[in-house]
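Step one of this worksheet: look at the structure below.
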Amino acid sequence: MPQRRSTVNDPGAMALPVGDPGAAHAPLAARMRPRTLAEVVGQEALIGERGALRRMIDRGTLVSMLLWGPPGVGKTTLARLLAEAVDAPWTTLSAVMSGVADVRAVIARAREWIDRGGRPTVLFLDEIHRFNKAQQDALLPQVEDGTLTLIGATTENPYFEVNSALLSRMRVFRLEPLSDDQVGGLVDRALTDPRGLAGTVELVPEAREHLVAISAGDARAALNVLEAAAGLTDRDDPEGRLTLTLELVEAAAQQRVLAYDRAGDGHYGTVSAFIKSMRGNDPDAALYWLATMVAAGEDPRFIARRIVICASEDVGNADPRALQVAVAAAHALELVGLPEAQYHLAQAAAYVACAPKSNRVGRAYWAAMADVLAHGSQPVPPHLLNAPVARMRSHGIGVGYRYPHDYEGADVEQQYLPDLLLGRRYYEPTGEGMERLIGERLGRLREARAAGASRKSRATPPPVDPMRVAGDATRARETAKRRPVGS
């Protein structure tokens, strides 16, 4: 059995970037890369005791996978450590710098290694979403036959950016941003570890707090700012120690401190003010609190979700367009990202703040939920049940149902609620905005039913089965497309 491929005994292999404690020229983030899985911070759901990746390597196996997550959470390091944990040869490519020729060269070396009795090569492909369809297709046969174990890394949604054929042969693992506590722990380790700053730097508490806050879960960003701040200070301490103040960290990060704590009272207070400003019809205050959160580094997706929730919870059917605008802003954020998406967030927040308000839909729903919890799931009235088999009607299933569109006003009196809740009324529209029209229509319908007004059957076209007709139309279309042009 050949020895495990490495850069020492196999010149054809390309090693993943690894932090070398002796490489003084390497950036701090590179020097502090974890050397073992035990040193990895975060991702407990994947590499914890019961994590999927932990159980995989405990069995000595590794499957092709996609590591999907934001920058600075350890995708590259995790790929290297997984390969080492199962004692597999590994190599790396960057989709930004590589092409099909590079992929073919890796495949050739992997086949040669297998022919010599070795294990499948682990190929780490960074920024895999940068590969086009042809480049991704070049990997398919080797991933499928096991010549390569592909580990792709991406910050983009792989379900949109990776070919479905390749995606179906890989498992997708989502990596989460690091928490503030986890980033803080990595900063503390870098201050004392011999590979890092080796105790030569002191970080004052308020500077540490700010550094962690502006990193937004990105360990690499935190360590880069820490290193830059250390380079800005003078060695005034007799022992050669550097003291990093808040001003130095601000200067290194080129970002001013804001009175906002994304994990503490400032976070919850500002979010509360933002939501209540939209609910309270104050677009000016809503825009101010929105700007406060964005400038302080709040996750814009969190902000977008708050706007979407407010559009239903506080606006509701008084202006159904508010939900459309809020959802469109959330989609625009995913499409263009910051800083441009600030326009979309501002537009949505202002629209929701200015829209007429109603919480009646939410109140109605929770009243219905209370009945479900109190009385359980009640039987469906027999006439509302579907009877796809004609003989089911002999049991009363589907018998007596009246199709509303066959009657004037597209309405006919019949029971829809369970027997136990007959007559229960949950939704009472307000007189605000569009909901006023909804309430007027419901009122007319209820008055007509209460008065016992008969609903006459209206003339209708011959009955048809829409699904059957749709199927016939689709088949006719496909047949027409297969005909030669001009026939």
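Residue numbering restarts at 1 in every chain; chains get A, B, ... in the order shown in the structure tokens, and ligands count up from 1 in that same order.
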
I need the strand (DSSP E) residues of stretch 16-103 of chain A per DSSP on the backbone, written as a PyMOL selection string.
chain A and resi 65-68+90-94

For A:Ala228, work out the shell of residues within 8 Å, counting only C-alpha atoms and skipping chain neighbours fewer than 4 positions away, then give it as JSON, numbers by chain.
{"A": [224, 232, 252]}

One decimal, in Å: what's the spacing between atom CA of A:Asn359 and atom CA of A:Arg449?
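Computing it gives 26.6 Å between the two atoms.
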
Fewer than 2 positions away in the same chain doesn't count, so skip those; otherwise give me all residues within 10 Å of stretch 33-44 of chain A, counting only C-alpha atoms, as a VMD selection string.
chain A and resid 17 to 21 28 to 31 46 to 54 73 to 74 76 to 78 80 to 82 84 to 85 174 to 179 181 to 183 185 to 186 195 219 to 220
